Amino acid sequence: MTEARAEARTEPGESRFAQGFALFAECLLTGVWIAVAALGLVTYPAAFAAGARHLGRRLAHESGGWREFAADFRAAVRHGWLVGVAGWAALAVVWIDVR
(Lines give C-alpha, C1' and ligand atoms only; values in the text may rest on other atoms or scores of the structure.)
Protein backbone atom coordinates (compact mmCIF):
# COMPACT_ATOMS: atom_id res chain seq x y z
CA MET A 1 0.00 0.00 0.00
CA THR A 2 2.87 2.36 0.76
CA GLU A 3 4.37 1.71 -2.65
CA ALA A 4 1.05 2.58 -4.29
CA ARG A 5 0.98 5.88 -2.42
CA ALA A 6 4.54 6.66 -3.45
CA GLU A 7 3.77 5.78 -7.04
CA ALA A 8 0.68 7.99 -7.01
CA ARG A 9 2.71 11.00 -5.86
CA THR A 10 5.44 10.75 -8.45
CA GLU A 11 5.19 13.15 -11.32
CA PRO A 12 5.69 11.88 -14.86
CA GLY A 13 9.39 11.68 -15.65
CA GLU A 14 10.48 11.97 -12.02
CA SER A 15 11.98 8.91 -10.35
CA ARG A 16 11.52 7.96 -6.71
CA PHE A 17 15.24 8.61 -6.20
CA ALA A 18 14.83 12.16 -7.51
CA GLN A 19 11.89 12.72 -5.18
CA GLY A 20 13.79 11.39 -2.20
CA PHE A 21 16.83 13.49 -3.00
CA ALA A 22 14.67 16.59 -3.43
CA LEU A 23 13.14 15.99 0.01
CA PHE A 24 16.62 15.47 1.50
CA ALA A 25 17.82 18.73 -0.04
CA GLU A 26 14.74 20.53 1.26
CA CYS A 27 15.42 19.19 4.75
CA LEU A 28 19.00 20.46 4.60
CA LEU A 29 17.88 23.88 3.43
CA THR A 30 15.20 24.05 6.12
CA GLY A 31 17.82 23.12 8.72
CA VAL A 32 19.93 26.08 7.65
CA TRP A 33 16.89 28.38 7.86
CA ILE A 34 16.10 27.05 11.35
CA ALA A 35 19.71 27.56 12.47
CA VAL A 36 19.67 31.16 11.24
CA ALA A 37 16.27 31.87 12.81
CA ALA A 38 17.31 30.33 16.14
CA LEU A 39 20.43 32.49 16.51
CA GLY A 40 18.53 34.64 19.01
CA LEU A 41 18.57 31.63 21.41
CA VAL A 42 15.11 32.63 22.63
CA THR A 43 13.47 32.11 19.25
CA TYR A 44 14.37 28.44 18.86
CA PRO A 45 10.78 27.17 19.46
CA ALA A 46 9.44 29.53 16.80
CA ALA A 47 12.21 28.47 14.40
CA PHE A 48 11.39 24.78 14.87
CA ALA A 49 7.67 25.47 14.44
CA ALA A 50 8.26 27.40 11.22
CA GLY A 51 10.55 24.65 9.94
CA ALA A 52 7.99 21.95 10.70
CA ARG A 53 5.30 23.96 8.93
CA HIS A 54 7.57 24.43 5.91
CA LEU A 55 8.39 20.72 5.64
CA GLY A 56 4.73 19.82 6.10
CA ARG A 57 3.88 22.14 3.24
CA ARG A 58 6.58 20.48 1.12
CA LEU A 59 5.25 16.98 1.87
CA ALA A 60 1.73 18.12 0.93
CA HIS A 61 3.11 19.31 -2.43
CA GLU A 62 2.17 22.92 -1.74
CA SER A 63 4.38 25.76 -2.82
CA GLY A 64 6.44 27.51 -0.20
CA GLY A 65 9.79 29.13 0.11
CA TRP A 66 11.74 31.61 2.18
CA ARG A 67 8.87 34.12 2.29
CA GLU A 68 6.42 31.57 3.67
CA PHE A 69 9.02 30.37 6.18
CA ALA A 70 9.63 33.94 7.32
CA ALA A 71 5.89 34.57 7.62
CA ASP A 72 5.47 31.39 9.67
CA PHE A 73 8.43 32.40 11.83
CA ARG A 74 7.00 35.86 12.47
CA ALA A 75 3.64 34.35 13.41
CA ALA A 76 5.27 31.83 15.76
CA VAL A 77 7.66 34.29 17.39
CA ARG A 78 4.82 36.45 18.72
CA HIS A 79 4.24 34.03 21.58
CA GLY A 80 7.05 31.55 20.98
CA TRP A 81 9.63 33.72 22.68
CA LEU A 82 7.80 33.09 25.96
CA VAL A 83 8.36 29.37 25.49
CA GLY A 84 12.02 30.05 24.70
CA VAL A 85 12.50 32.10 27.87
CA ALA A 86 10.69 29.42 29.92
CA GLY A 87 12.94 26.75 28.41
CA TRP A 88 16.11 28.62 29.30
CA ALA A 89 14.74 29.34 32.80
CA ALA A 90 14.00 25.63 33.30
CA LEU A 91 17.49 24.77 32.09
CA ALA A 92 18.99 27.28 34.55
CA VAL A 93 16.97 25.81 37.43
CA VAL A 94 18.09 22.29 36.56
CA TRP A 95 21.71 23.44 36.19
CA ILE A 96 21.61 25.16 39.59
CA ASP A 97 20.02 22.08 41.15
CA VAL A 98 22.70 19.80 39.69
CA ARG A 99 25.47 22.10 40.93
# chains A, B, ... in the order shown; residues from 1 in each chain; ligands from 1
call {"tool": "residues_around", "arguments": {"residues": "Phe73 (chain A)", "least_positions_apart": "4", "cutoff": "12 Å", "atoms": "only C-alpha atoms", "output": "VMD selection string"}}
result
chain A and resid 33 to 34 36 to 38 43 to 54 66 to 69 77 to 81
call {"tool": "closest_residue", "arguments": {"among": "A:Gln19, A:Gly65, A:Val83, A:Arg57", "to": "Leu41 (chain A)", "atoms": "only C-alpha atoms"}}
result
A:Val83
call {"tool": "select_by_dssp", "arguments": {"residues": "chain A", "states": "helix (DSSP H, G or I)", "output": "PyMOL selection string"}}
result
chain A and resi 2-9+16-40+44-59+66-98
